[in-house]
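Structure data (compact mmCIF, C-alpha atoms) from input-v1.txt:
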```txt
# COMPACT_ATOMS: atom_id res chain seq x y z
CA MET J 27 -12.50 -23.27 -23.88
CA ARG J 28 -14.55 -26.44 -24.17
CA GLY J 29 -11.46 -28.25 -25.46
CA LEU J 30 -9.39 -27.04 -22.49
CA LEU J 31 -12.08 -28.14 -20.04
CA ASP J 32 -12.24 -31.55 -21.73
CA PHE J 33 -8.47 -31.80 -21.43
CA LYS J 34 -8.65 -30.91 -17.73
CA THR J 35 -11.43 -33.42 -17.07
CA ASN J 36 -9.49 -36.14 -18.87
CA ILE J 37 -6.36 -35.44 -16.84
CA MET J 38 -8.34 -35.36 -13.59
CA SER J 39 -10.09 -38.64 -14.34
CA PHE J 40 -6.78 -40.25 -15.37
CA VAL J 41 -5.18 -39.16 -12.08
CA GLU J 42 -8.21 -40.39 -10.11
CA LYS J 43 -8.19 -43.78 -11.81
CA ASN J 44 -4.41 -44.27 -11.68
CA GLU J 45 -3.58 -42.44 -8.47
CA TYR J 46 -0.53 -44.52 -7.54
CA TYR J 47 1.05 -44.37 -11.00
CA ALA J 48 0.32 -40.64 -11.34
CA LEU J 49 2.02 -40.07 -7.98
CA CYS J 50 5.03 -42.12 -9.06
CA ILE J 51 5.28 -40.20 -12.36
CA GLY J 52 5.08 -36.88 -10.47
CA ARG J 53 7.76 -37.96 -8.02
CA PHE J 54 9.94 -39.25 -10.85
CA ILE J 55 9.78 -35.91 -12.71
CA LEU J 56 10.51 -33.99 -9.50
CA PHE J 57 13.47 -36.15 -8.49
CA LEU J 58 14.82 -36.41 -12.02
CA SER J 59 14.98 -32.62 -12.30
CA ALA J 60 16.58 -32.39 -8.83
CA PHE J 61 19.16 -35.13 -9.47
CA LEU J 62 20.00 -33.73 -12.92
CA MET J 63 20.36 -30.27 -11.40
CA VAL J 64 22.84 -31.59 -8.82
CA HIS J 65 24.58 -33.63 -11.52
CA SER J 66 24.97 -30.70 -13.92
CA LYS J 67 25.79 -27.94 -11.43
CA LEU J 68 27.59 -29.61 -8.55
CA CYS J 69 29.34 -32.67 -9.93
CA TYR J 70 32.83 -32.37 -8.43
CA SER J 71 33.39 -36.08 -7.76
CA ALA J 72 34.91 -38.00 -10.63
CA GLY J 73 33.09 -41.27 -9.88
CA LEU J 74 29.61 -39.75 -10.17
CA GLY J 75 29.91 -38.26 -13.66
CA ASN J 76 27.82 -40.92 -15.34
CA ILE J 77 24.32 -39.71 -16.30
CA ILE J 78 22.90 -43.18 -15.62
CA ILE J 79 23.36 -42.64 -11.85
CA PRO J 80 20.90 -39.70 -11.45
CA ILE J 81 18.37 -41.35 -13.77
CA THR J 82 18.52 -44.65 -11.84
CA LEU J 83 18.25 -42.84 -8.51
CA SER J 84 15.22 -40.87 -9.77
CA ILE J 85 13.44 -44.10 -10.71
CA PHE J 86 14.28 -45.51 -7.27
CA CYS J 87 13.07 -42.36 -5.48
CA ALA J 88 9.80 -42.37 -7.44
CA VAL J 89 8.64 -45.56 -5.72
CA ILE J 90 9.91 -44.99 -2.17
CA PRO J 91 8.44 -42.59 0.43
CA MET J 92 9.17 -38.91 -0.14
CA SER J 93 11.13 -38.51 3.12
CA ILE J 94 13.57 -41.29 2.21
CA GLY J 95 13.80 -39.98 -1.36
CA MET J 96 14.83 -36.61 -0.01
CA ILE J 97 17.57 -38.17 2.12
CA VAL J 98 18.85 -40.08 -0.95
CA LEU J 99 18.95 -36.77 -2.86
CA GLU J 100 20.85 -35.06 -0.04
CA VAL J 101 23.38 -37.90 0.21
CA PHE J 102 23.86 -37.75 -3.58
CA CYS J 103 24.42 -34.00 -3.33
CA LEU J 104 26.99 -34.45 -0.51
CA LEU J 105 28.84 -37.17 -2.44
CA ASN J 106 29.03 -34.85 -5.44
CA LEU J 107 30.51 -32.10 -3.26
CA MET J 108 33.14 -34.47 -1.89
CA GLY J 109 35.56 -33.30 -4.59
CA LEU J 110 35.66 -29.83 -3.02
CA GLY J 111 36.84 -31.08 0.34
CA LEU J 112 35.48 -32.53 3.53
CA GLU J 113 34.91 -29.10 5.07
CA VAL J 114 32.38 -28.25 2.36
CA VAL J 115 30.55 -31.55 2.80
CA ALA J 116 30.50 -31.20 6.60
CA ILE J 117 29.01 -27.69 6.59
CA VAL J 118 26.35 -28.52 3.98
CA ALA J 119 25.47 -31.73 5.87
CA ILE J 120 25.07 -29.78 9.13
CA VAL J 121 22.74 -27.24 7.48
CA MET J 122 20.63 -30.05 5.99
CA LEU J 123 20.54 -31.85 9.34
CA ILE J 124 19.37 -28.69 11.13
CA ALA J 125 16.53 -28.36 8.60
CA HIS J 126 15.49 -31.99 9.24
CA LEU J 127 15.66 -31.66 13.02
CA LEU J 128 13.78 -28.38 13.26
CA TYR J 129 11.19 -28.53 10.56
CA PHE J 130 10.88 -31.60 8.37
CA ARG J 131 9.77 -33.86 11.20
CA PHE J 132 6.60 -31.73 11.44
CA ALA J 133 5.94 -31.27 7.74
CA LYS J 134 6.41 -34.51 5.89
CA GLY J 135 3.65 -33.48 3.50
CA SER J 136 5.50 -30.43 2.25
CA LEU J 137 8.88 -32.06 1.63
CA TYR J 138 8.36 -31.86 -2.12
CA ARG J 139 8.37 -28.06 -1.85
CA SER J 140 11.84 -28.14 -0.32
CA VAL J 141 13.05 -30.25 -3.25
CA LEU J 142 11.24 -28.21 -5.88
CA THR J 143 12.33 -24.77 -4.60
CA PRO J 144 16.11 -25.14 -5.22
CA VAL J 145 15.39 -26.74 -8.60
CA LEU J 146 13.24 -23.76 -9.61
CA ALA J 147 15.77 -21.35 -8.09
CA PHE J 148 18.57 -22.81 -10.21
CA THR J 149 16.37 -22.16 -13.26
CA ARG J 150 15.74 -18.64 -11.80
CA MET J 151 11.99 -19.20 -11.38
CA PRO J 152 11.36 -19.65 -7.64
CA TYR J 153 8.93 -16.72 -7.41
CA ILE J 154 5.86 -18.90 -7.89
CA MET J 155 6.56 -20.91 -4.71
CA PRO J 156 5.32 -18.44 -2.03
CA VAL J 157 2.23 -17.80 -4.17
CA VAL J 158 1.45 -21.53 -4.43
CA CYS J 159 2.00 -21.92 -0.67
CA GLY J 160 -0.40 -19.08 0.02
CA LEU J 161 -3.02 -20.47 -2.36
CA ARG J 162 -3.02 -24.10 -1.32
CA GLY J 163 -0.88 -24.63 1.75
CA SER J 164 -1.42 -24.02 5.42
CA THR J 165 0.05 -20.99 7.16
CA GLY J 166 3.33 -22.71 8.07
CA SER J 167 4.00 -24.39 4.74
CA ILE J 168 6.15 -21.47 3.55
CA VAL J 169 8.90 -22.64 5.93
CA SER J 170 9.67 -25.56 3.60
CA VAL J 171 10.18 -23.07 0.75
CA LEU J 172 12.41 -20.89 2.93
CA PHE J 173 14.59 -23.89 3.84
CA GLY J 174 14.73 -24.72 0.13
CA MET J 175 15.96 -21.19 -0.61
CA ILE J 176 18.64 -21.40 2.10
CA ILE J 177 19.90 -24.68 0.62
CA TYR J 178 19.85 -23.10 -2.86
CA TYR J 179 21.88 -20.03 -1.84
CA LEU J 180 24.34 -22.27 0.01
CA LEU J 181 24.85 -24.52 -3.03
CA ALA J 182 24.89 -21.59 -5.48
CA GLY J 183 27.52 -19.87 -3.32
CA ILE J 184 29.66 -23.00 -3.30
CA LYS J 185 29.29 -23.26 -7.09
CA ALA J 186 30.28 -19.59 -7.52
CA ASN J 187 33.41 -20.08 -5.38
CA ASP J 188 34.38 -23.52 -6.63
CA THR J 189 37.67 -22.25 -8.07
CA VAL J 190 38.71 -21.19 -4.55
CA PHE J 191 37.89 -24.62 -3.13
CA LEU J 192 39.54 -26.45 -6.02
CA SER J 193 42.70 -24.31 -6.13
CA THR J 194 45.90 -25.86 -4.86
CA ALA J 195 46.94 -22.53 -3.35
CA ASP J 196 47.23 -22.28 0.42
CA ILE J 197 43.70 -21.90 1.70
CA SER J 198 43.17 -23.19 5.18
CA SER J 199 40.24 -25.34 6.28
CA THR J 200 38.99 -22.56 8.55
CA ASP J 201 38.94 -20.12 5.62
CA LYS J 202 37.01 -22.63 3.55
CA MET J 203 34.45 -23.11 6.31
CA MET J 204 34.14 -19.37 6.85
CA LEU J 205 33.58 -18.84 3.14
CA ILE J 206 30.76 -21.41 3.04
CA ILE J 207 28.99 -20.13 6.14
CA GLU J 208 29.22 -16.57 4.78
CA GLN J 209 27.09 -17.73 1.84
CA ILE J 210 24.22 -17.75 4.35
CA THR J 211 25.11 -15.24 7.03
CA LYS J 212 26.50 -12.45 4.86
CA ASN J 213 24.28 -13.00 1.85
CA LYS J 214 21.97 -9.98 1.97
CA GLU J 215 20.10 -11.15 -1.12
CA LEU J 216 19.10 -14.35 0.67
CA TRP J 217 17.59 -12.42 3.58
CA VAL J 218 15.77 -10.08 1.18
CA VAL J 219 14.26 -13.08 -0.64
CA ILE J 220 13.28 -14.79 2.63
CA PHE J 221 11.61 -11.61 3.87
CA ALA J 222 9.79 -11.11 0.56
CA PHE J 223 8.62 -14.73 0.34
CA LEU J 224 7.33 -14.70 3.90
CA LEU J 225 5.32 -11.50 3.38
CA THR J 226 4.05 -12.68 -0.02
CA ASP J 227 2.80 -15.94 1.47
CA ILE J 228 0.92 -14.14 4.24
CA LEU J 229 -0.57 -11.65 1.75
CA VAL J 230 -1.70 -14.32 -0.74
CA TYR J 231 -3.15 -16.44 2.08
CA ALA J 232 -5.07 -13.47 3.49
CA ILE J 233 -6.50 -12.35 0.12
CA ARG J 234 -7.55 -15.79 -1.10
CA ARG J 235 -9.60 -16.31 2.05
CA LEU J 236 -11.56 -13.10 1.48
CA SER J 237 -15.19 -13.44 0.42
CA ILE J 238 -14.73 -11.48 -2.81
CA LYS J 239 -15.14 -12.27 -6.48
CA ASN J 240 -12.04 -13.83 -8.08
CA ALA J 241 -10.30 -14.06 -4.72
CA TRP J 242 -7.70 -16.51 -6.04
CA ARG J 243 -6.85 -14.43 -9.10
CA THR J 244 -6.59 -11.24 -7.06
CA ALA J 245 -4.45 -13.07 -4.49
CA TYR J 246 -1.85 -14.36 -6.91
CA LEU J 247 -1.70 -11.22 -9.05
CA VAL J 248 -1.22 -9.01 -6.00
CA GLY J 249 1.17 -11.57 -4.48
CA ILE J 250 3.41 -11.81 -7.54
CA ALA J 251 3.49 -8.02 -7.98
CA PHE J 252 4.21 -7.49 -4.28
CA ASN J 253 6.94 -10.14 -4.28
CA MET J 254 8.58 -8.56 -7.32
CA VAL J 255 8.50 -5.05 -5.84
CA VAL J 256 9.88 -6.14 -2.45
CA ILE J 257 12.72 -8.19 -3.97
CA LEU J 258 13.51 -5.45 -6.49
CA SER J 259 13.65 -2.73 -3.86
CA GLY J 260 15.56 -5.02 -1.53
CA LYS J 261 18.11 -5.80 -4.21
CA LEU J 262 18.57 -2.14 -5.06
CA LEU J 263 18.84 -1.31 -1.36
CA VAL J 264 21.63 -3.83 -0.72
CA GLY J 265 23.29 -3.01 -4.06
CA GLU J 266 22.70 -6.38 -5.73
CA SER J 267 21.58 -5.43 -9.22
CA GLU J 268 22.38 -8.87 -10.65
CA GLY J 269 19.37 -10.95 -11.63
CA ILE J 270 16.85 -8.12 -11.94
CA VAL J 271 15.96 -9.08 -15.53
CA TRP J 272 15.40 -12.67 -14.41
CA LEU J 273 13.24 -11.41 -11.56
CA LEU J 274 10.97 -9.67 -14.08
CA ILE J 275 10.92 -12.65 -16.47
CA GLY J 276 10.35 -15.05 -13.58
CA SER J 277 7.45 -12.97 -12.27
CA VAL J 278 5.76 -12.89 -15.69
CA ILE J 279 6.17 -16.67 -16.04
CA SER J 280 4.82 -17.05 -12.49
CA ILE J 281 1.59 -15.35 -13.61
CA GLY J 282 1.25 -17.93 -16.39
CA VAL J 283 1.88 -20.82 -13.97
CA ALA J 284 -0.56 -19.36 -11.46
CA LEU J 285 -3.23 -19.06 -14.18
CA LEU J 286 -2.72 -22.72 -15.01
CA TYR J 287 -2.85 -23.60 -11.32
CA GLU J 288 -6.10 -21.70 -10.93
CA PHE J 289 -7.58 -23.42 -13.98
CA PHE J 290 -6.90 -26.84 -12.50
CA PHE J 291 -7.73 -26.24 -8.86
CA MET J 292 -10.10 -23.28 -8.53
CA HIS J 293 -11.91 -22.64 -11.80
CA LEU J 294 -15.10 -20.98 -10.60
CA ASP J 295 -18.09 -19.63 -12.45
CA TYR J 296 -18.98 -16.29 -10.82
CA THR J 297 -21.95 -15.76 -13.13
CA ARG J 298 -23.87 -18.53 -11.31
CA VAL J 299 -23.27 -17.48 -7.70
CA GLU J 300 -26.01 -18.57 -5.34
CA GLN J 301 -26.86 -16.80 -2.09
CA VAL J 302 -28.80 -18.79 0.47
CA GLN J 303 -29.90 -18.05 4.00
CA PHE J 304 -31.07 -20.47 6.66
CA GLU J 305 -31.03 -20.90 10.40
CA ASP J 306 -30.75 -23.47 13.14
CA ASP J 307 -31.18 -23.15 16.90
CA ASN J 308 -27.90 -21.31 17.45
CA TYR J 309 -27.01 -19.48 14.25
CA TYR J 310 -28.36 -17.69 11.24
CA TYR J 311 -26.37 -18.62 8.11
CA TYR J 312 -25.62 -16.43 5.09
CA VAL J 313 -24.08 -18.77 2.51
CA LYS J 314 -22.54 -17.81 -0.80
CA ALA J 315 -22.01 -20.80 -3.10
CA VAL J 316 -19.85 -20.41 -6.20
CA PRO J 317 -20.09 -23.36 -8.61
CA LYS J 318 -16.96 -24.89 -10.15
CA VAL J 319 -16.70 -24.97 -13.92
CA MET J 320 -16.95 -28.63 -14.86
CA VAL J 321 -17.72 -30.63 -17.96
CA GLN J 322 -18.67 -34.26 -18.25
CA ALA J 323 -15.99 -36.33 -19.98
CA ARG J 324 -17.13 -37.06 -23.52
CA GLN J 325 -18.02 -40.69 -24.03
CA LYS J 326 -16.96 -41.99 -27.41
CA SER J 327 -19.53 -44.41 -28.78
CA VAL J 328 -18.60 -46.53 -31.77
CA LYS J 329 -21.46 -47.81 -33.87
CA ARG J 330 -20.85 -51.00 -35.77
CA PHE J 331 -22.85 -51.95 -38.80
CA SER J 332 -22.91 -55.63 -39.60
CA GLN J 333 -22.52 -56.79 -43.19
CA SER J 334 -26.15 -57.94 -43.45
CA GLN J 335 -27.42 -54.49 -42.42
CA GLU J 336 -25.22 -52.87 -45.05
CA GLU J 337 -26.58 -55.26 -47.67
CA MET J 338 -30.13 -54.44 -46.59
CA THR J 339 -29.54 -50.74 -46.96
CA ASP J 340 -28.04 -51.36 -50.41
CA LYS J 341 -31.17 -53.29 -51.44
CA HIS J 342 -33.39 -50.48 -50.23
CA GLU J 343 -31.50 -48.04 -52.37
CA MET N 13 -25.79 -62.92 -0.38
CA ILE N 14 -23.49 -59.89 -0.44
CA ASN N 15 -24.71 -56.98 1.63
CA GLU N 16 -24.01 -53.94 -0.55
CA GLU N 17 -24.31 -51.44 2.28
CA LYS N 18 -21.77 -53.38 4.33
CA VAL N 19 -19.30 -53.52 1.43
CA ARG N 20 -19.71 -49.79 0.83
CA LEU N 21 -19.02 -48.96 4.48
CA MET N 22 -16.06 -51.34 4.70
CA THR N 23 -14.53 -49.88 1.54
CA LYS N 24 -14.95 -46.38 2.94
CA LEU N 25 -13.20 -47.42 6.17
CA ALA N 26 -10.40 -49.22 4.32
CA ILE N 27 -9.71 -46.19 2.11
CA TYR N 28 -9.57 -43.95 5.19
CA GLU N 29 -7.26 -46.34 7.06
CA GLU N 30 -4.94 -46.63 4.05
CA ASN N 31 -4.63 -42.91 3.34
CA LYS N 32 -5.56 -40.15 5.76
CA GLY N 33 -6.12 -42.46 8.71
CA LYS N 34 -2.58 -43.84 8.59
CA HIS N 35 -1.33 -40.75 10.43
CA ILE N 36 -4.52 -39.81 12.22
CA ILE N 37 -5.60 -43.09 13.86
CA PRO N 38 -2.39 -43.37 15.96
CA ILE N 39 -3.02 -39.84 17.30
CA GLY N 40 -6.43 -40.99 18.50
CA ASN N 41 -4.77 -43.52 20.81
CA TYR N 42 -3.50 -40.72 23.07
CA TYR N 43 -5.05 -38.17 25.36
CA LYS N 44 -4.26 -34.63 24.23
CA GLU N 45 -1.79 -34.04 27.09
CA ASP N 46 0.05 -37.28 26.34
CA TYR N 47 0.27 -36.65 22.60
CA VAL N 48 1.43 -33.06 22.95
CA GLY N 49 3.79 -34.07 25.77
CA ILE N 50 5.48 -36.79 23.70
CA GLN N 51 5.86 -34.44 20.74
CA MET N 52 7.33 -31.74 22.97
CA LEU N 53 9.79 -34.23 24.42
CA LYS N 54 10.86 -35.17 20.89
CA SER N 55 11.14 -31.48 20.06
CA PHE N 56 13.27 -30.94 23.15
CA PHE N 57 15.83 -33.47 21.93
CA SER N 58 15.76 -32.47 18.27
CA GLY N 59 15.87 -28.77 19.21
CA THR N 60 18.83 -29.33 21.55
CA ILE N 61 20.76 -31.22 18.84
CA ALA N 62 19.90 -28.53 16.29
CA TYR N 63 21.09 -25.82 18.69
CA LEU N 64 24.36 -27.68 19.25
CA LEU N 65 24.81 -27.94 15.47
CA ILE N 66 24.19 -24.19 15.13
CA LEU N 67 26.85 -23.63 17.81
CA VAL N 68 29.24 -25.87 15.83
CA LEU N 69 28.59 -23.76 12.72
CA MET N 70 29.20 -20.57 14.69
CA ALA N 71 32.39 -22.03 16.15
CA CYS N 72 33.58 -22.99 12.66
CA TYR N 73 32.87 -19.46 11.48
CA GLN N 74 34.79 -17.87 14.35
CA LEU N 75 37.44 -20.56 14.64
CA GLU N 76 40.41 -18.35 13.86
CA TYR N 77 39.25 -15.70 16.31
CA LEU N 78 38.62 -18.33 18.99
CA ILE N 79 42.07 -19.84 18.57
CA THR N 80 43.94 -16.53 18.69
CA GLU N 81 41.85 -14.88 21.40
CA ILE N 82 41.13 -17.90 23.61
CA VAL N 83 43.20 -16.52 26.50
CA LYS N 84 41.50 -13.13 26.50
CA LEU N 85 37.97 -14.55 26.29
CA ASP N 86 35.57 -14.06 29.17
CA VAL N 87 34.50 -17.71 29.34
CA ALA N 88 31.90 -17.20 32.07
CA ALA N 89 30.11 -14.44 30.14
CA MET N 90 30.26 -16.53 26.97
CA ILE N 91 28.71 -19.57 28.69
CA ILE N 92 25.97 -17.41 30.21
CA SER N 93 25.10 -15.92 26.81
CA ILE N 94 25.10 -19.38 25.17
CA VAL N 95 22.77 -20.77 27.86
CA ALA N 96 20.49 -17.71 27.67
CA ALA N 97 20.27 -18.06 23.90
CA TYR N 98 19.54 -21.78 24.33
CA VAL N 99 16.70 -21.09 26.77
CA PHE N 100 15.20 -18.50 24.43
CA PHE N 101 15.59 -20.76 21.39
CA MET N 102 13.99 -23.73 23.14
CA ALA N 103 11.14 -21.63 24.55
CA VAL N 104 10.25 -20.44 21.04
CA TYR N 105 10.68 -23.88 19.48
CA LEU N 106 8.68 -25.69 22.16
CA GLY N 107 5.99 -23.02 21.95
CA ILE N 108 5.68 -23.58 18.19
CA THR N 109 5.61 -27.36 18.77
CA TYR N 110 2.80 -26.94 21.31
CA VAL N 111 0.68 -24.88 18.90
CA ILE N 112 1.28 -27.23 15.94
CA CYS N 113 0.57 -30.41 17.93
CA SER N 114 -2.52 -29.04 19.67
CA THR N 115 -4.00 -28.00 16.32
CA ARG N 116 -3.07 -31.36 14.80
CA TYR N 117 -4.73 -33.21 17.70
CA LYS N 118 -7.90 -31.13 17.38
CA LYS N 119 -8.11 -31.84 13.63
CA ALA N 120 -7.45 -35.53 14.21
CA GLN N 121 -10.28 -35.73 16.75
CA LYS N 122 -12.69 -34.19 14.24
CA SER N 123 -11.62 -36.60 11.53
CA LEU N 124 -11.83 -39.59 13.91
CA LYS N 125 -15.38 -38.61 14.88
CA ALA N 126 -16.46 -39.07 11.26
CA TYR N 127 -14.54 -42.37 11.15
CA ASP N 128 -16.30 -43.53 14.33
CA ASN N 129 -19.69 -42.70 12.81
CA VAL N 130 -18.98 -44.97 9.84
CA LEU N 131 -17.79 -47.69 12.24
CA LYS N 132 -21.04 -47.40 14.20
CA LYS N 133 -23.07 -47.70 10.99
CA LEU N 134 -21.12 -50.85 10.13
CA GLU N 135 -21.75 -52.23 13.58
CA ASN N 136 -25.48 -51.63 13.12
CA VAL N 137 -25.40 -53.49 9.81
CA TYR N 138 -23.73 -56.47 11.52
CA GLN N 139 -26.28 -56.31 14.34
CA ARG N 140 -29.14 -56.33 11.85
CA GLU N 141 -27.61 -59.29 10.00
CA GLU N 142 -27.21 -61.18 13.26
CA ASP N 143 -30.83 -60.49 14.20
CA ASP N 144 -32.04 -61.69 10.80
CA THR N 145 -30.16 -65.00 11.05
CA LYS N 146 -31.43 -65.79 14.57
CA PRO N 147 -34.10 -68.49 14.57
CA ILE N 148 -37.50 -67.15 15.50
CA LYS N 149 -38.74 -68.56 18.80
CA TRP N 150 -42.38 -69.46 18.91
```
I need this file expressed as structure tokens, please.
Amino acid sequence: MRGLLDFKTNIMSFVEKNEYYALCIGRFILFLSAFLMVHSKLCYSAGLGNIIIPITLSIFCAVIPMSIGMIVLEVFCLLNLMGLGLEVVAIVAIVMLIAHLLYFRFAKGSLYRSVLTPVLAFTRMPYIMPVVCGLRGSTGSIVSVLFGMIIYYLLAGIKANDTVFLSTADISSTDKMMLIIEQITKNKELWVVIFAFLLTDILVYAIRRLSIKNAWRTAYLVGIAFNMVVILSGKLLVGESEGIVWLLIGSVISIGVALLYEFFFMHLDYTRVEQVQFEDDNYYYYVKAVPKVMVQARQKSVKRFSQSQEEMTDKHE
Amino acid sequence: MINEEKVRLMTKLAIYEENKGKHIIPIGNYYKEDYVGIQMLKSFFSGTIAYLLILVLMACYQLEYLITEIVKLDVAAMIISIVAAYVFFMAVYLGITYVICSTRYKKAQKSLKAYDNVLKKLENVYQREEDDTKPIKW
């Protein structure tokens, strides 16, 4: 445990000392995974097949503001979809534009969640997102995750029907557009997930604010279990049995991620809880203070022995 | 000689202005009504464009039906329902904007109060320095 705490303290102090570089590295990893995801799953344009392009764009996005980085990612995604036809690009662009107009102008701080959610969803692990929002975010931050899920289901639907879009058979533009929009409107699984994520976020947020022991741990364990049960029953209800195994695996992994998250951001020592009471003119205060588990970073001290000292010790012997 | 207290306060202010204050200080330039009003005006335009885009998506989805049934359509009823939906949509969206911006303004005021306190402390330090450098009149 001491080793883990040392590791945490070292990471924290590194991030504090090199805040800008740490932020750039974080953004680079986020954008690299997003660009590579688009490159591997949605690359339908011949000119964008080179792996150098997503890597270069990730480096570029790591040093520019998040909002511009997100627009670069969206444009890259649209250019990749160009091979499927202009109708596909137009509909996806409209959905992205609606998200920007309605929500992203209020929540520039939670843009990264909208990028991270589809990336995690493509790896079948998005179930941690509503839990993280409930633990750290404000009440409305779940909306960014929900927009991320809508974009994911739209892109995943396009990917699943790419043979239809690519076929030379007679498929009219209106049919193509209908097919894309149906990926959102007629996708019952999407609405089940949105409903489950929304409820999970509210539940986690409510529990972690309670004045109980291990509020965070209780919140994410209950949240993950609740999310799994709601999605599972929703899937069975709408007859979508696909992905149930991944739901279970994803939920178990989410517990691991949440444990790690708790260790870094809310590692409390409940054995040293202090209860204090005091008053001022207007109120009487009952305060419960729970200390965080912290260790001082170990200072390495190197002792140097000069040659003369060594000789002296030899003589003594 | 360097005044350590002054440097500490100035660093504190600079860090605030560079990070958190970047978004908060501009809010402090407005009265609540003005700030919320401007944001609601922006929301009115962005909401209207978003609604039009949603209509475009719906039209794309029903394009075939619209083309074949255009003659039989009750245009007046359709326009009334579109306008009613628009009014409802905007009422909800503007309501949410009002709540978000009011809360944001309240939080900004709290944060700016702390910023002002540090500024006042800095002003006091300057005042003290000025007093110390004044020649003493006999």
Each chain N residue no farther than 9 Å from chain J, nearest pair in Å, only C-alpha atoms, as a tab-separated table:
```
residue	atom	partner	partner_atom	distance
N:Ser55	CA	J:Leu128	CA	7.9
N:Ser58	CA	J:Leu127	CA	5.3
N:Gly59	CA	J:Leu128	CA	6.3
N:Ile61	CA	J:Leu127	CA	7.8
N:Ala62	CA	J:Ile124	CA	5.2
N:Tyr63	CA	J:Ile124	CA	8.3
N:Leu65	CA	J:Ile120	CA	6.6
N:Ile66	CA	J:Ile124	CA	7.7
N:Val68	CA	J:Ile120	CA	8.8
N:Leu69	CA	J:Ile117	CA	7.3
N:Met70	CA	J:Ile207	CA	8.6
N:Cys72	CA	J:Met203	CA	6.4
N:Tyr73	CA	J:Met204	CA	4.8
N:Gln74	CA	J:Met204	CA	7.7
N:Leu75	CA	J:Thr200	CA	6.6
N:Glu76	CA	J:Thr200	CA	6.9
N:Tyr105	CA	J:Leu128	CA	8.3
N:Thr109	CA	J:Phe132	CA	8.6
N:Ile112	CA	J:Phe132	CA	8.3
N:Cys113	CA	J:Phe132	CA	9.0
```
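Proximity of J:Ile90, J:Ala133, J:Val255, J:Met63 to J:Ile77, computed with only C-alpha atoms, is greatest for J:Met63.
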Edge lengths and centre in Å to one decimal, as lines of an AutoDock Vina configuration file, of the axis-aligned box that encloses all listed atoms of stretch 29-42 of chain N with 5 Å added on every side?
```
center_x = -4.3
center_y = -43.2
center_z = 13.2
size_x = 15.9
size_y = 16.8
size_z = 29.7
```
Report summary line: Closest of N:Asp128, N:Ala120, N:Arg140, N:Ile92 to N:Pro38, counting only C-alpha atoms, is N:Ala120
Query raised in the report: J:Ser259, J:Leu49, J:Arg235, J:Ile176: which is nearest J:Pro91, counting only C-alpha atoms?
Result: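 The answer is J:Leu49, which sits nearest to J:Pro91.
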Within 12 Å of (6.6, -40.7, -15.8) (coordinates as in the file), grab all the protein and nucleic acid residues, counting all atoms listed in the file, and write them out as a compact mmCIF listing (two decimals) with C-alpha atoms, keeping the file's coordinate frame.
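Dumped everything to selection-v1.txt:
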```
# COMPACT_ATOMS: atom_id res chain seq x y z
CA TYR J 46 -0.53 -44.52 -7.54
CA TYR J 47 1.05 -44.37 -11.00
CA ALA J 48 0.32 -40.64 -11.34
CA LEU J 49 2.02 -40.07 -7.98
CA CYS J 50 5.03 -42.12 -9.06
CA ILE J 51 5.28 -40.20 -12.36
CA GLY J 52 5.08 -36.88 -10.47
CA ARG J 53 7.76 -37.96 -8.02
CA PHE J 54 9.94 -39.25 -10.85
CA ILE J 55 9.78 -35.91 -12.71
CA LEU J 56 10.51 -33.99 -9.50
CA PHE J 57 13.47 -36.15 -8.49
CA LEU J 58 14.82 -36.41 -12.02
CA ILE J 81 18.37 -41.35 -13.77
CA SER J 84 15.22 -40.87 -9.77
CA ILE J 85 13.44 -44.10 -10.71
CA ALA J 88 9.80 -42.37 -7.44
CA VAL J 89 8.64 -45.56 -5.72
```
Query raised in the report: Do you know which residues are at most 12 Å from N:Lys122 counting only C-alpha atoms, after dropping those on the same chain fewer than 6 positions away, and could you put them as an NGL selection string?
Result: :N and (33 or 36-37 or 39-40 or 115-116 or 128-129)
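If you look at atom CA of J:Val115 and atom CA of J:Cys103, they are 9.0 Å away from each other.
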Query raised in the report: Suppose you want the space between atom CA of N:Lys125 and atom CA of J:Met292; what is it in Å?
Result: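 Atom CA of J:Met292 lies at a distance of 28.5 Å from atom CA of N:Lys125.
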Report task. Could you tell me how far atom CA of J:Ala284 lies from atom CA of J:Val41, in Å and to one decimal? Result -> 20.3 Å
**Report entry** Which residue of J:Ser193, J:Asn308, J:Gln301, J:Thr244 approaches J:Gly111 most closely, using all atoms listed in the file
**Finding:** J:Ser193
Requested in this report: Determine, counting all atoms listed in the file, which protein, DNA and RNA residues have an atom within 9 Å of an atom of J:Leu180; residues of the same chain fewer than 2 positions away are not included. Present the result as a list in words.
Outcome: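 Here the answer would be Val118, Met175, Ile176, Ile177, Tyr178, Ala182, Gly183, Ile184, Lys185, Ile206, Ile207, Glu208, Gln209 and Ile210 of chain J.
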Requested in this report: Pick out the closest residue to N:Leu124 from this set: N:Ala89, N:Met102, N:Leu78, N:Leu25. Count only C-alpha atoms.
Outcome: N:Leu25
Requested in this report: Give the answer as one residue: which of J:Ser280, J:Val316, J:Asn44, J:Asn240 has the shortest atom-to-atom distance to J:Leu146, using only C-alpha atoms?
Outcome: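 When distances to J:Leu146 are compared using only C-alpha atoms, the smallest one comes from J:Ser280.
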